[in-house]
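*Asks:* Contents of target-v5.cif (mmCIF, C-alpha atoms (C1' of nucleotides)):
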```cif
data_coords
#
loop_
_atom_site.label_atom_id
_atom_site.label_comp_id
_atom_site.auth_asym_id
_atom_site.auth_seq_id
_atom_site.Cartn_x
_atom_site.Cartn_y
_atom_site.Cartn_z
CA MET T 1 0.00 0.00 0.00
CA SER T 2 1.94 2.99 -1.27
CA ALA T 3 1.94 6.36 0.46
CA LYS T 4 0.72 8.12 -2.68
CA ARG T 5 -2.21 5.76 -2.94
CA ASP T 6 -3.14 6.52 0.65
CA GLN T 7 -2.81 10.21 -0.04
CA ILE T 8 -5.06 10.00 -3.08
CA GLU T 9 -7.69 8.14 -1.08
CA ALA T 10 -7.52 10.74 1.66
CA VAL T 11 -7.87 13.67 -0.71
CA ALA T 12 -10.67 11.93 -2.59
CA THR T 13 -12.51 11.26 0.65
CA ARG T 14 -12.38 14.89 1.66
CA ALA T 15 -13.45 16.05 -1.80
CA ILE T 16 -16.38 13.64 -1.97
CA LYS T 17 -17.54 14.72 1.47
CA GLY T 18 -17.47 18.28 0.22
CA SER T 19 -19.44 17.99 -2.97
CA GLY T 20 -19.99 14.39 -3.95
CA LEU T 21 -18.32 11.84 -6.18
CA GLY T 22 -19.70 13.49 -9.30
CA SER T 23 -17.71 16.65 -8.85
CA VAL T 24 -14.45 14.86 -8.22
CA SER T 25 -12.34 14.24 -11.29
CA PHE T 26 -9.08 12.40 -11.82
CA ARG T 27 -7.52 15.68 -12.87
CA THR T 28 -8.47 17.79 -9.86
CA LEU T 29 -7.54 14.89 -7.63
CA ALA T 30 -4.16 14.55 -9.29
CA ASP T 31 -3.52 18.29 -9.08
CA GLU T 32 -4.21 18.37 -5.37
CA VAL T 33 -1.95 15.41 -4.70
CA GLY T 34 0.72 16.75 -7.02
CA VAL T 35 0.80 14.01 -9.66
CA LYS T 36 -0.62 13.47 -13.14
CA SER T 37 -4.07 12.04 -13.69
CA SER T 38 -2.64 8.92 -15.31
CA SER T 39 -0.83 8.20 -12.05
CA VAL T 40 -4.15 8.23 -10.27
CA HIS T 41 -5.36 5.75 -12.86
CA TYR T 42 -2.38 3.59 -12.04
CA HIS T 43 -3.59 3.16 -8.46
CA PHE T 44 -7.31 3.10 -9.26
CA ARG T 45 -8.04 1.71 -12.67
CA THR T 46 -11.49 3.22 -12.97
CA LYS T 47 -13.57 5.74 -11.07
CA ASP T 48 -15.70 2.89 -9.79
CA ASP T 49 -12.58 1.31 -8.30
CA LEU T 50 -11.73 4.58 -6.61
CA ALA T 51 -15.24 4.95 -5.22
CA GLU T 52 -15.27 1.44 -3.84
CA ALA T 53 -11.83 1.79 -2.28
CA VAL T 54 -12.79 5.05 -0.60
CA ILE T 55 -15.98 3.58 0.83
CA ARG T 56 -14.15 0.47 2.02
CA ARG T 57 -11.47 2.53 3.73
CA TYR T 58 -14.05 4.75 5.37
CA SER T 59 -15.95 1.70 6.51
CA THR T 60 -12.98 -0.05 8.11
CA ASP T 61 -11.88 3.19 9.76
CA PHE T 62 -15.34 3.50 11.24
CA GLU T 63 -15.26 -0.11 12.36
CA ALA T 64 -12.13 0.69 14.33
CA ILE T 65 -13.88 3.62 15.98
CA LEU T 66 -16.76 1.40 17.03
CA ALA T 67 -14.32 -1.15 18.46
CA ARG T 68 -12.61 1.60 20.44
CA ILE T 69 -15.93 2.77 21.83
CA ASP T 70 -16.69 -0.77 22.91
CA SER T 71 -13.37 -1.11 24.67
CA GLU T 72 -13.46 2.29 26.35
CA HIS T 73 -17.07 2.31 27.50
CA ALA T 74 -18.95 -0.37 29.35
CA THR T 75 -22.62 0.62 29.60
CA PRO T 76 -24.97 0.94 26.61
CA ILE T 77 -25.78 4.53 27.51
CA GLU T 78 -22.14 5.58 27.56
CA ARG T 79 -21.54 3.79 24.30
CA LEU T 80 -24.49 5.49 22.64
CA ASP T 81 -23.26 8.86 23.87
CA ALA T 82 -19.83 8.17 22.46
CA PHE T 83 -21.41 7.13 19.15
CA ILE T 84 -23.42 10.33 18.91
CA ASP T 85 -20.32 12.32 19.80
CA VAL T 86 -18.59 10.96 16.72
CA TYR T 87 -21.34 12.25 14.44
CA GLU T 88 -21.70 15.51 16.34
CA ALA T 89 -17.98 16.19 16.15
CA ALA T 90 -18.14 15.66 12.39
CA VAL T 91 -21.03 18.11 12.00
CA GLN T 92 -19.33 20.70 14.19
CA ASN T 93 -16.33 20.28 11.98
CA GLY T 94 -18.41 21.12 8.90
CA ASP T 95 -17.91 17.52 7.91
CA ILE T 96 -20.45 15.21 6.35
CA CYS T 97 -20.51 11.45 6.49
CA LEU T 98 -18.97 10.17 3.27
CA CYS T 99 -21.54 7.42 2.96
CA GLY T 100 -24.49 9.69 3.63
CA MET T 101 -23.20 11.81 0.80
CA MET T 102 -22.82 8.86 -1.53
CA ALA T 103 -26.21 7.43 -0.63
CA ALA T 104 -27.61 10.21 -2.77
CA GLU T 105 -25.38 9.15 -5.64
CA LEU T 106 -26.18 5.47 -5.23
CA THR T 107 -27.39 4.94 -8.78
CA SER T 108 -24.15 6.20 -10.27
CA LEU T 109 -22.17 3.53 -8.41
CA ASP T 110 -21.46 0.12 -9.86
CA ASP T 111 -22.45 -3.10 -8.09
CA ALA T 112 -19.30 -3.34 -6.00
CA GLY T 113 -19.67 0.26 -4.89
CA GLN T 114 -23.31 -0.19 -3.96
CA ARG T 115 -22.45 -3.31 -1.99
CA ALA T 116 -19.69 -1.50 -0.15
CA LEU T 117 -22.05 1.35 0.70
CA ARG T 118 -24.67 -1.05 1.99
CA GLY T 119 -21.94 -2.63 4.10
CA TYR T 120 -21.30 0.65 5.86
CA PHE T 121 -24.92 1.21 6.78
CA ARG T 122 -25.30 -2.38 7.92
CA LEU T 123 -22.22 -1.95 10.08
CA ASN T 124 -23.85 1.01 11.79
CA GLU T 125 -27.18 -0.69 12.19
CA GLN T 126 -25.86 -3.96 13.55
CA TRP T 127 -23.72 -2.21 16.12
CA LEU T 128 -26.65 -0.07 17.27
CA GLU T 129 -29.00 -3.02 17.21
CA LYS T 130 -26.75 -5.02 19.53
CA LEU T 131 -26.53 -1.98 21.77
CA PHE T 132 -30.28 -1.53 21.97
CA ALA T 133 -30.81 -5.25 22.49
CA THR T 134 -28.56 -5.41 25.55
CA SER T 135 -30.09 -2.26 26.97
CA GLU T 136 -33.06 -2.71 29.28
CA THR T 137 -34.75 0.29 27.71
CA SER T 138 -37.56 -0.84 25.47
CA LEU T 139 -40.09 1.40 23.78
CA GLN T 140 -43.48 -0.11 23.25
CA GLY T 141 -43.41 -2.49 20.30
CA VAL T 142 -40.29 -1.12 18.64
CA THR T 143 -37.64 -3.75 17.94
CA PRO T 144 -33.97 -2.94 18.45
CA ALA T 145 -33.44 -3.31 14.72
CA GLU T 146 -36.11 -0.73 13.92
CA LEU T 147 -34.76 1.60 16.55
CA ALA T 148 -31.28 1.26 15.07
CA GLN T 149 -32.53 2.11 11.58
CA LEU T 150 -34.44 5.09 12.92
CA PHE T 151 -31.35 6.25 14.70
CA ILE T 152 -28.89 6.39 11.83
CA ALA T 153 -31.57 7.75 9.53
CA GLY T 154 -31.96 10.63 11.95
CA LEU T 155 -28.23 11.20 12.24
CA GLN T 156 -27.58 11.03 8.51
CA GLY T 157 -30.50 13.28 7.67
CA ALA T 158 -29.42 15.74 10.33
CA THR T 159 -25.89 16.10 8.95
CA LEU T 160 -27.21 16.76 5.45
CA ILE T 161 -29.92 19.22 6.41
CA ASP T 162 -27.75 20.95 8.96
CA ARG T 163 -25.37 21.97 6.20
CA ALA T 164 -28.22 23.12 3.99
CA GLU T 165 -29.65 25.34 6.69
CA GLY T 166 -26.56 26.36 8.55
CA MET J 1 -45.81 29.31 -18.65
CA SER J 2 -45.55 27.12 -21.73
CA ALA J 3 -46.42 23.44 -21.78
CA LYS J 4 -42.95 22.46 -22.96
CA ARG J 5 -41.35 24.33 -20.12
CA ASP J 6 -43.57 22.50 -17.69
CA GLN J 7 -42.69 19.23 -19.33
CA ILE J 8 -38.98 19.94 -19.10
CA GLU J 9 -39.31 20.77 -15.42
CA ALA J 10 -41.22 17.57 -14.81
CA VAL J 11 -38.71 15.39 -16.62
CA ALA J 12 -35.83 17.16 -14.88
CA THR J 13 -37.45 16.63 -11.50
CA ARG J 14 -37.79 12.91 -12.08
CA ALA J 15 -34.24 12.62 -13.39
CA ILE J 16 -32.76 14.53 -10.46
CA LYS J 17 -34.67 12.39 -7.99
CA GLY J 18 -33.19 9.36 -9.67
CA SER J 19 -29.54 10.24 -9.74
CA GLY J 20 -28.94 13.85 -8.84
CA LEU J 21 -28.49 17.12 -10.66
CA GLY J 22 -24.97 16.21 -11.69
CA SER J 23 -26.07 13.37 -13.91
CA VAL J 24 -28.72 15.40 -15.69
CA SER J 25 -27.58 17.11 -18.87
CA PHE J 26 -29.32 19.52 -21.20
CA ARG J 27 -28.95 16.96 -23.97
CA THR J 28 -30.47 13.97 -22.21
CA LEU J 29 -33.21 16.21 -20.92
CA ALA J 30 -33.90 17.52 -24.42
CA ASP J 31 -33.89 14.01 -25.89
CA GLU J 32 -36.46 12.81 -23.40
CA VAL J 33 -38.73 15.77 -24.03
CA GLY J 34 -38.21 15.54 -27.76
CA VAL J 35 -36.53 18.88 -28.45
CA LYS J 36 -32.97 20.11 -28.96
CA SER J 37 -30.75 21.11 -26.08
CA SER J 38 -30.74 24.71 -27.23
CA SER J 39 -34.49 24.78 -26.75
CA VAL J 40 -34.00 23.76 -23.14
CA HIS J 41 -31.56 26.65 -22.84
CA TYR J 42 -34.25 28.90 -24.22
CA HIS J 43 -36.48 28.15 -21.23
CA PHE J 44 -33.68 27.90 -18.66
CA ARG J 45 -30.71 30.06 -19.50
CA THR J 46 -28.25 28.17 -17.32
CA LYS J 47 -28.20 24.95 -15.36
CA ASP J 48 -28.40 26.98 -12.17
CA ASP J 49 -31.63 28.54 -13.43
CA LEU J 50 -33.01 25.09 -14.14
CA ALA J 51 -32.06 23.83 -10.68
CA GLU J 52 -33.65 26.80 -8.96
CA ALA J 53 -36.85 26.54 -10.98
CA VAL J 54 -37.18 22.85 -10.22
CA ILE J 55 -36.67 23.38 -6.49
CA ARG J 56 -39.14 26.27 -6.45
CA ARG J 57 -41.76 24.25 -8.25
CA TYR J 58 -41.25 21.30 -5.92
CA SER J 59 -41.48 23.60 -2.95
CA THR J 60 -44.74 25.26 -3.97
CA ASP J 61 -46.24 21.91 -4.86
CA PHE J 62 -45.36 20.69 -1.39
CA GLU J 63 -46.80 23.83 0.13
CA ALA J 64 -50.09 22.97 -1.53
CA ILE J 65 -49.97 19.49 -0.05
CA LEU J 66 -49.45 20.90 3.42
CA ALA J 67 -52.38 23.27 2.93
CA ARG J 68 -54.56 20.37 1.87
CA ILE J 69 -53.56 18.41 4.95
CA ASP J 70 -54.48 21.37 7.12
CA SER J 71 -57.87 21.70 5.51
CA GLU J 72 -58.69 17.99 5.55
CA HIS J 73 -57.51 17.14 9.03
CA ALA J 74 -58.26 18.93 12.27
CA THR J 75 -56.19 17.38 15.04
CA PRO J 76 -52.38 17.54 15.24
CA ILE J 77 -52.14 13.74 15.40
CA GLU J 78 -54.15 13.27 12.22
CA ARG J 79 -52.14 15.95 10.46
CA LEU J 80 -48.86 14.37 11.48
CA ASP J 81 -50.10 11.00 10.24
CA ALA J 82 -51.06 12.54 6.92
CA PHE J 83 -47.63 14.20 6.70
CA ILE J 84 -45.83 10.93 7.30
CA ASP J 85 -48.08 9.25 4.75
CA VAL J 86 -46.81 11.63 2.07
CA TYR J 87 -43.21 10.63 2.71
CA GLU J 88 -44.06 6.96 3.11
CA ALA J 89 -45.98 6.90 -0.15
CA ALA J 90 -42.96 8.40 -1.89
CA VAL J 91 -40.61 5.77 -0.47
CA GLN J 92 -42.99 2.96 -1.35
CA ASN J 93 -43.02 4.39 -4.84
CA GLY J 94 -39.23 4.12 -5.07
CA ASP J 95 -39.24 7.89 -5.00
CA ILE J 96 -36.84 10.16 -3.16
CA CYS J 97 -37.44 13.70 -2.00
CA LEU J 98 -35.95 16.00 -4.60
CA CYS J 99 -34.59 18.33 -1.96
CA GLY J 100 -33.08 15.55 0.13
CA MET J 101 -31.27 14.50 -3.00
CA MET J 102 -30.06 18.00 -3.72
CA ALA J 103 -29.01 18.63 -0.14
CA ALA J 104 -26.08 16.36 -0.93
CA GLU J 105 -25.23 18.49 -3.97
CA LEU J 106 -25.63 21.74 -2.09
CA THR J 107 -22.16 23.06 -2.84
CA SER J 108 -22.65 22.74 -6.58
CA LEU J 109 -25.66 25.06 -6.45
CA ASP J 110 -25.40 28.82 -6.84
CA ASP J 111 -26.70 31.24 -4.22
CA ALA J 112 -30.24 31.35 -5.56
CA GLY J 113 -30.41 27.58 -5.67
CA GLN J 114 -29.09 27.21 -2.14
CA ARG J 115 -31.58 29.76 -0.90
CA ALA J 116 -34.43 27.93 -2.64
CA LEU J 117 -33.34 24.65 -1.07
CA ARG J 118 -33.17 26.19 2.37
CA GLY J 119 -36.66 27.51 1.75
CA TYR J 120 -37.98 24.00 1.26
CA PHE J 121 -36.54 22.71 4.52
CA ARG J 122 -37.72 25.73 6.41
CA LEU J 123 -41.19 25.20 4.97
CA ASN J 124 -41.20 21.68 6.39
CA GLU J 125 -39.81 22.72 9.73
CA GLN J 126 -42.12 25.63 10.29
CA TRP J 127 -45.18 23.57 9.48
CA LEU J 128 -44.09 20.81 11.84
CA GLU J 129 -43.09 23.29 14.50
CA LYS J 130 -46.52 24.88 14.50
CA LEU J 131 -48.01 21.42 14.67
CA PHE J 132 -45.95 20.39 17.67
CA ALA J 133 -46.55 23.71 19.38
CA THR J 134 -50.33 23.33 19.27
CA SER J 135 -50.14 19.74 20.39
CA GLU J 136 -50.29 19.11 24.12
CA THR J 137 -47.64 16.44 23.85
CA SER J 138 -44.36 17.71 25.19
CA LEU J 139 -41.24 15.68 25.67
CA GLN J 140 -39.05 16.75 28.52
CA GLY J 141 -37.07 19.82 27.55
CA VAL J 142 -37.38 19.46 23.79
CA THR J 143 -38.74 22.53 22.02
CA PRO J 144 -41.19 22.17 19.11
CA ALA J 145 -38.55 23.60 16.79
CA GLU J 146 -35.99 20.99 17.81
CA LEU J 147 -38.56 18.25 17.49
CA ALA J 148 -39.45 19.46 14.01
CA GLN J 149 -35.81 19.43 12.92
CA LEU J 150 -35.35 15.96 14.35
CA PHE J 151 -38.42 14.82 12.50
CA ILE J 152 -37.57 15.82 8.96
CA ALA J 153 -33.96 14.76 9.52
CA GLY J 154 -35.26 11.30 10.32
CA LEU J 155 -37.58 11.21 7.33
CA GLN J 156 -35.00 12.50 4.87
CA GLY J 157 -32.33 10.17 6.16
CA ALA J 158 -34.73 7.26 6.03
CA THR J 159 -35.65 7.80 2.38
CA LEU J 160 -31.98 7.95 1.38
CA ILE J 161 -30.82 4.95 3.40
CA ASP J 162 -33.89 2.94 2.53
CA ARG J 163 -32.92 3.07 -1.11
CA ALA J 164 -29.33 2.14 -0.33
CA GLU J 165 -30.36 -0.91 1.67
CA GLY J 166 -33.50 -1.94 -0.10
"C1'" DG A 1 17.95 -6.26 -15.05
"C1'" DA A 2 13.39 -6.23 -13.10
"C1'" DC A 3 9.77 -4.11 -11.29
"C1'" DA A 4 6.95 -0.27 -9.38
"C1'" DA A 5 5.62 4.25 -10.03
"C1'" DT A 6 5.33 8.09 -12.58
"C1'" DC A 7 5.42 10.75 -16.72
"C1'" DT A 8 4.04 12.75 -21.63
"C1'" DA A 9 0.81 12.77 -24.97
"C1'" DC A 10 -3.18 11.52 -26.76
"C1'" DC A 11 -8.25 9.86 -27.73
"C1'" DT A 12 -13.21 9.80 -27.70
"C1'" DA A 13 -17.23 11.25 -25.78
"C1'" DG A 14 -19.66 14.32 -23.47
"C1'" DT A 15 -20.57 19.01 -21.13
"C1'" DG A 16 -22.84 23.82 -20.78
"C1'" DA A 17 -23.32 27.53 -23.54
"C1'" DT A 18 -23.83 30.76 -27.64
"C1'" DA A 19 -24.80 32.58 -32.40
"C1'" DG A 20 -27.72 32.99 -36.08
"C1'" DA A 21 -31.64 31.55 -38.69
"C1'" DT A 22 -36.55 30.43 -39.27
"C1'" DA A 23 -41.58 29.35 -39.09
"C1'" DG A 24 -45.64 30.84 -37.14
"C1'" DA A 25 -48.52 33.38 -33.91
"C1'" DC A 26 -49.71 37.89 -32.07
"C1'" DT A 27 -50.39 43.04 -32.18
"C1'" DG A 28 -51.03 47.61 -33.19
"C1'" DT A 29 -51.77 51.06 -36.96
"C1'" DG A 30 -53.33 53.09 -41.18
"C1'" DC K 1 -58.96 44.26 -43.52
"C1'" DA K 2 -54.09 44.34 -44.51
"C1'" DC K 3 -49.61 44.90 -43.54
"C1'" DA K 4 -45.37 45.88 -40.72
"C1'" DG K 5 -43.28 44.84 -36.72
"C1'" DT K 6 -42.51 41.93 -32.93
"C1'" DC K 7 -42.54 37.92 -29.99
"C1'" DT K 8 -42.24 32.81 -29.03
"C1'" DA K 9 -40.34 28.65 -29.69
"C1'" DT K 10 -37.64 26.05 -31.99
"C1'" DC K 11 -33.85 24.64 -35.08
"C1'" DT K 12 -28.69 23.85 -36.92
"C1'" DA K 13 -24.09 24.37 -36.07
"C1'" DT K 14 -20.48 25.29 -33.36
"C1'" DC K 15 -17.61 26.82 -29.37
"C1'" DA K 16 -14.25 25.97 -25.60
"C1'" DC K 17 -13.70 22.88 -22.15
"C1'" DT K 18 -13.69 18.76 -19.20
"C1'" DA K 19 -14.56 13.96 -18.51
"C1'" DG K 20 -12.65 9.08 -18.02
"C1'" DG K 21 -9.43 6.31 -20.03
"C1'" DT K 22 -5.13 4.37 -22.63
"C1'" DA K 23 -0.34 3.51 -24.80
"C1'" DG K 24 4.19 3.83 -24.33
"C1'" DA K 25 8.38 6.10 -22.71
"C1'" DT K 26 11.00 7.32 -18.48
"C1'" DT K 27 12.70 7.10 -13.86
"C1'" DG K 28 14.28 5.28 -9.55
"C1'" DT K 29 15.11 1.48 -6.38
"C1'" DC K 30 16.09 -3.25 -4.84
#
```
The structure in this file should be written as structure tokens.

*Replies:*
Amino acid sequence: MSAKRDQIEAVATRAIKGSGLGSVSFRTLADEVGVKSSSVHYHFRTKDDLAEAVIRRYSTDFEAILARIDSEHATPIERLDAFIDVYEAAVQNGDICLCGMMAAELTSLDDAGQRALRGYFRLNEQWLEKLFATSETSLQGVTPAELAQLFIAGLQGATLIDRAEG
Amino acid sequence: MSAKRDQIEAVATRAIKGSGLGSVSFRTLADEVGVKSSSVHYHFRTKDDLAEAVIRRYSTDFEAILARIDSEHATPIERLDAFIDVYEAAVQNGDICLCGMMAAELTSLDDAGQRALRGYFRLNEQWLEKLFATSETSLQGVTPAELAQLFIAGLQGATLIDRAEG
DNA sequence: GACAATCTACCTAGTGATAGATAGACTGTG
DNA sequence: CACAGTCTATCTATCACTAGGTAGATTGTC
């Protein structure tokens, strides 16, 4: 895993968060990193490859964050607080979840990209679902799975709309 | 307001809902309507103009829906149900809120477009806020305005993620 | 020398946008 | 009524530019 490849992924991630995959080109990417566009193609054969790699990286990074939360906090409530803090910190930072951004561009992703994106949301949901299941809190008739879905939907929607409204 | 212009707006709206403003071109739009791209430019001088017009139209259409809900339903609970039904029907229909879609593309909109988009979300929030304010239900320490924001964030996020997960 | 990484130089296809022309409907005036 | 002028809506043709992608030469390092 070369350093340049990492750098390209990082720059691409930031750019996509800012204005979506559609407005990120091999040329602008290359310029920012300081190489030629063909060099970007060397590391990521197609734009679909780039998109998938960026989602995968984001997903595994997030997985690590969840693991850290689990190890640092014991109770469900503390863990949930820590989870929300991650999203809130991003919003405060003017940052948007990469995958929330790309959910809007879903149809312009190839199969592998769509699968990777689904993986990220499932990762979120399953973690939250386990959390809600172990918690004694139970709202009338709402399953932990439903609650988990509701939760990330709220968070993702909030980050998007927050930026639109300021 | 010519019929062709209306038709172009309608086709553009559907296309943007499907895959965003970025993947809608004057040419594809023109082909679908059955005219030349220059004729689309006649009605909408720039792409920014087109985007703004589409958002405005969507917004006023939605305003009419809210007015109808107000006139057809008396109690806050019934009105809220009717509101949710609108979003749920859209999701069931494989449809995504135009403005939720464009919230992701916010930065590629010009000032007028961004203002129009903000207008849509404010329209939603203010309607919901008034609804929650008149309702006797009050969660501990949550203002009607906050509740309204939470609510559309959840709905918007849900429509986006629903499509990603199926 | 082999291999990884980067370059130069190019291609094809598509973009938003503009210029200039034209057919037909509308409008005001003598 | 008739005619001149004007407006609407569309066309053809083209612009300058950017997109993703590719072939082949060059460089540097083990």

*Asks:* Residues at most 12 Å from DA25 of chain K, counting all atoms listed in the file, excluding those fewer than 4 positions away in the same chain, as a ChimeraX atom specification?

*Replies:* /A:6-9

*Asks:* For chain J versus chain K, which residues have an atom no more than 10 Å away, and what is each residue's nearest atom pair and distance in Å rounded to one decimal, using all atoms listed in the file, chain-then-number order, as a Markdown table?

*Replies:*
```
| residue | atom | partner | partner_atom | distance |
| --- | --- | --- | --- | --- |
| J:Ser2 | CA | K:DA9 | C1' | 9.6 |
| J:Lys4 | CA | K:DA9 | C1' | 9.5 |
| J:Val35 | CA | K:DT10 | C1' | 8.1 |
| J:Lys36 | CA | K:DC11 | C1' | 7.7 |
| J:Ser38 | CA | K:DC11 | C1' | 8.4 |
| J:Ser39 | CA | K:DT10 | C1' | 6.2 |
| J:Val40 | CA | K:DT10 | C1' | 9.8 |
| J:Tyr42 | CA | K:DA9 | C1' | 8.2 |
| J:His43 | CA | K:DA9 | C1' | 9.3 |
```

*Asks:* What is the atom CA of Met101 of chain T to atom C1' of DA13 of chain A distance in Å?

*Replies:*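 Interatomic distance here is 27.2 Å.
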
*Asks:* Identify the residues within 12 Å of coordinate (-21.8, -3.9, 16.9) (same frame as the file), considering all atoms listed in the file, and give the answer as JSON, numbers by chain.

*Replies:* {"T": [62, 63, 64, 65, 66, 67, 68, 69, 70, 71, 76, 79, 80, 83, 120, 121, 122, 123, 124, 125, 126, 127, 128, 129, 130, 131, 132, 133, 134, 145, 148]}

*Asks:* Translate the PyMOL selection byres ((chain A) within 12 of (chain J)) into a concrete residue list for this structure, as a PyMOL selection string.

*Replies:* chain A and resi 14-19

*Asks:* Just give me the gap between atom CA of Ala89 of chain T and atom CA of Thr13 of chain T in Å, one decimal is fine.

*Replies:*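 These atoms are spaced 17.2 Å apart.
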
*Asks:* Run the PyMOL selection byres ((chain J) within 10 of (chain T)) against the file shown and list the residues it catches, as a ChimeraX atom specification.

*Replies:* /J:17-23,96,99-108,114-115,117-119,121-122,149-166

*Asks:* For the atom pair atom CA of Thr28 of chain J and atom CA of Ala15 of chain T, what is the interatomic distance in Å to one decimal place?

*Replies:*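 Rounded to one decimal, the two atoms are 26.7 Å apart.
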